[in-house]
Amino acid sequence: MLFSPTSVAECFQEWEDLEKDYQQVQETHRLYKQKLEEVTKLQNSCSSSIARQKKKLRELTVLLEECKKCKTESPEEINAIDEIQDTIKDRQDVFFDMEAFLPKKNGLYLTLVLGNVNVTLLNKQAKYAYKDEYEKFKMVIIVILFLFSFTCCFLFNYRALDALFNFLMVWYYCTLTIRESILISNGSRIKGWWVIHHYVTTFLSGVMLTWPEGILYQMFRNQFLSYCLYQSFVQFLQCYYQSGCLYRLRTLGERHNMDLTVEGFQSWMWRGLSFLLPFVFFGHFLQLYNGVTLFRMAQLPECKEWQVAMCGCSYLVLFMGNFFTTLGVVYQKYMNNQSKSKNL
């Protein structure tokens, strides 16, 4: 107990102290609600101002482009227009960082999953804590998936165990898509194919979960589990080394604080992570091999399951998205090196 009164007088004195403390609690809470209302008004005002600025900047950008096309301006005016356009581009990044601390409407996916709940974290510490927890979550589940796929591949051949493994995959990738959507709302810059990739993988895992036991399933089972084993290994390498590289680049001020690890290769990874490229490309070609194998199986007379062709399509989509996105990064790096060589 917090206190042990030994007489009625001490009880009365304790009650008076509690009453005074209660009044202080009420006053603190009243002040808190007042400040909260002020913060809400400031948030709405700031969001409106940013939206107005962005609209006017878009209109100004169009006008500046028209002025440049007219070719009636002097060289000094052209230089001034170029400077304004560069400033406008920089300002878009500034607005992006500002909006990361302002409430915003959820995208379609988050609205379907969570409703209209505000998922914006309003201070840096909460954002970084959520991002770090996301990275730790990925690392732990990847290790579990590696051990699970090893167990299914080499120790036990039970359809129920395989179904549990596929269910874990569905849950994991569904959870990733939700967490990534929340992180994007809070300023993370993961975009493009690396977002779509997890939706496709979720769909693929769901189809594998519904594939019934049979001859065709057993024909593809070991190949599928071997692929999962390799992918888990590569994802572990990517998470481990990308986390260290991102920490170093953030310390140097060369990366955004909310940047995330991805299951692929991006331009910033050339700084110390190029050794991962052979592992990444080999994983892409395993996806192509899986897709081709499944389409060959779909042509067999005994093939009655729709899951065979659907999984084949999913693997081909994954291969094309992963391969050409990674190839684009490599090509961009090559062109940048060529331009630097010419400048020298």
# chains A, B, ... in the order shown; residues from 1 in each chain; ligands from 1
call {"tool": "residues_around", "arguments": {"residues": "Phe295 (chain A)", "least_positions_apart": "2", "cutoff": "9 Å", "atoms": "only C-alpha atoms", "output": "PDB file with C-alpha atoms, in the first residue's frame"}}
result
ATOM      1  CA  ASN A 290       9.221 -22.302 -60.987  1.00  0.00           C
ATOM      2  CA  GLY A 291       6.889 -20.551 -63.432  1.00  0.00           C
ATOM      3  CA  VAL A 292       8.080 -22.592 -66.421  1.00  0.00           C
ATOM      4  CA  THR A 293       7.831 -25.841 -64.418  1.00  0.00           C
ATOM      5  CA  MET A 297       2.716 -29.306 -65.388  1.00  0.00           C
ATOM      6  CA  ALA A 298      -0.477 -27.504 -66.417  1.00  0.00           C
ATOM      7  CA  GLN A 299      -0.230 -29.160 -69.845  1.00  0.00           C
ATOM      8  CA  VAL A 308      -1.069 -24.946 -61.075  1.00  0.00           C
ATOM      9  CA  ALA A 309      -1.582 -22.323 -63.776  1.00  0.00           C
ATOM     10  CA  CYS A 311       0.893 -20.191 -59.339  1.00  0.00           C
ATOM     11  CA  GLY A 312       2.772 -20.284 -62.648  1.00  0.00           C
ATOM     12  CA  CYS A 313       1.383 -16.841 -63.600  1.00  0.00           C
TER      13      CYS A 313
END
call {"tool": "atom_distance", "arguments": {"atom1": "CA of Met139 (chain A)", "atom2": "CA of Phe96 (chain A)"}}
result
28.5 Å
call {"tool": "select_by_dssp", "arguments": {"residues": "region 5-217 of chain A", "states": "helix (DSSP H, G or I)", "output": "number ranges by chain"}}
result
A: 8-70, 75-99, 108-114, 124-154, 159-185, 193-210, 215-217
call {"tool": "residues_around", "arguments": {"residues": "Ser232 (chain A)", "least_positions_apart": "4", "cutoff": "8 Å", "atoms": "only C-alpha atoms", "output": "mmCIF file with C-alpha atoms, in the first residue's frame"}}
result
data_model
loop_
_atom_site.group_PDB
_atom_site.id
_atom_site.type_symbol
_atom_site.label_atom_id
_atom_site.label_comp_id
_atom_site.auth_asym_id
_atom_site.auth_seq_id
_atom_site.Cartn_x
_atom_site.Cartn_y
_atom_site.Cartn_z
ATOM 1 C CA ILE A 142 12.542 -14.780 -41.981
ATOM 2 C CA VAL A 143 14.550 -17.009 -39.614
ATOM 3 C CA LEU A 145 10.456 -19.351 -42.335
ATOM 4 C CA PHE A 146 13.950 -20.666 -43.049
ATOM 5 C CA CYS A 228 11.525 -20.971 -50.122
ATOM 6 C CA PHE A 236 18.168 -12.752 -44.236
#
call {"tool": "closest_residue", "arguments": {"among": "A:His197, A:Lys138, A:Arg221, A:Lys131", "to": "Ala163 (chain A)", "atoms": "only C-alpha atoms"}}
result
A:Arg221
call {"tool": "residues_around", "arguments": {"residues": "region 106-113 of chain A", "least_positions_apart": "5", "cutoff": "8 Å", "atoms": "only C-alpha atoms", "output": "number ranges by chain"}}
result
A: 118-119, 178, 181-182, 185
call {"tool": "closest_residue", "arguments": {"among": "A:Glu19, A:Glu99, A:Val280, A:Gly321", "to": "Ser49 (chain A)", "atoms": "only C-alpha atoms"}}
result
A:Glu99
call {"tool": "residues_around", "arguments": {"residues": "region 198-200 of chain A", "least_positions_apart": "2", "cutoff": "8 Å", "atoms": "only C-alpha atoms", "output": "VMD selection string"}}
result
chain A and resid 173 to 174 176 to 177 194 to 196 202 to 204 314 317 to 318
call {"tool": "write_last_selection", "arguments": {"atoms": "N, CA and C atoms", "output": "short mmCIF file (atom, residue, chain, number, x, y, z; two decimals), in the first residue's frame"}}
result
data_model
loop_
_atom_site.label_atom_id
_atom_site.label_comp_id
_atom_site.auth_asym_id
_atom_site.auth_seq_id
_atom_site.Cartn_x
_atom_site.Cartn_y
_atom_site.Cartn_z
N TYR A 173 3.17 -12.00 -45.13
CA TYR A 173 3.15 -11.00 -46.19
C TYR A 173 1.95 -10.07 -46.07
N CYS A 174 0.82 -10.56 -45.57
CA CYS A 174 -0.31 -9.66 -45.29
C CYS A 174 0.09 -8.62 -44.25
N LEU A 176 3.12 -7.62 -43.57
CA LEU A 176 4.09 -6.69 -44.17
C LEU A 176 3.39 -5.60 -44.97
N THR A 177 2.39 -5.97 -45.76
CA THR A 177 1.70 -4.96 -46.57
C THR A 177 1.02 -3.91 -45.70
N TRP A 194 8.51 -2.67 -55.29
CA TRP A 194 8.78 -3.33 -54.01
C TRP A 194 7.58 -3.30 -53.09
N VAL A 195 6.59 -2.45 -53.37
CA VAL A 195 5.31 -2.49 -52.65
C VAL A 195 4.41 -3.55 -53.27
N ILE A 196 4.30 -3.54 -54.62
CA ILE A 196 3.44 -4.49 -55.33
C ILE A 196 3.91 -5.93 -55.11
N THR A 202 1.70 -12.44 -51.43
CA THR A 202 0.57 -12.82 -50.56
C THR A 202 -0.44 -13.66 -51.34
N PHE A 203 -0.75 -13.21 -52.55
CA PHE A 203 -1.69 -13.95 -53.40
C PHE A 203 -1.14 -15.34 -53.72
N LEU A 204 0.14 -15.42 -54.08
CA LEU A 204 0.77 -16.70 -54.41
C LEU A 204 0.72 -17.66 -53.23
N SER A 314 1.76 -16.30 -61.27
CA SER A 314 2.28 -15.47 -60.16
C SER A 314 3.81 -15.46 -60.15
N VAL A 317 5.07 -13.25 -62.96
CA VAL A 317 4.92 -11.83 -62.60
C VAL A 317 6.02 -11.41 -61.64
N LEU A 318 6.31 -12.26 -60.64
CA LEU A 318 7.38 -11.95 -59.69
C LEU A 318 8.72 -11.87 -60.40
#
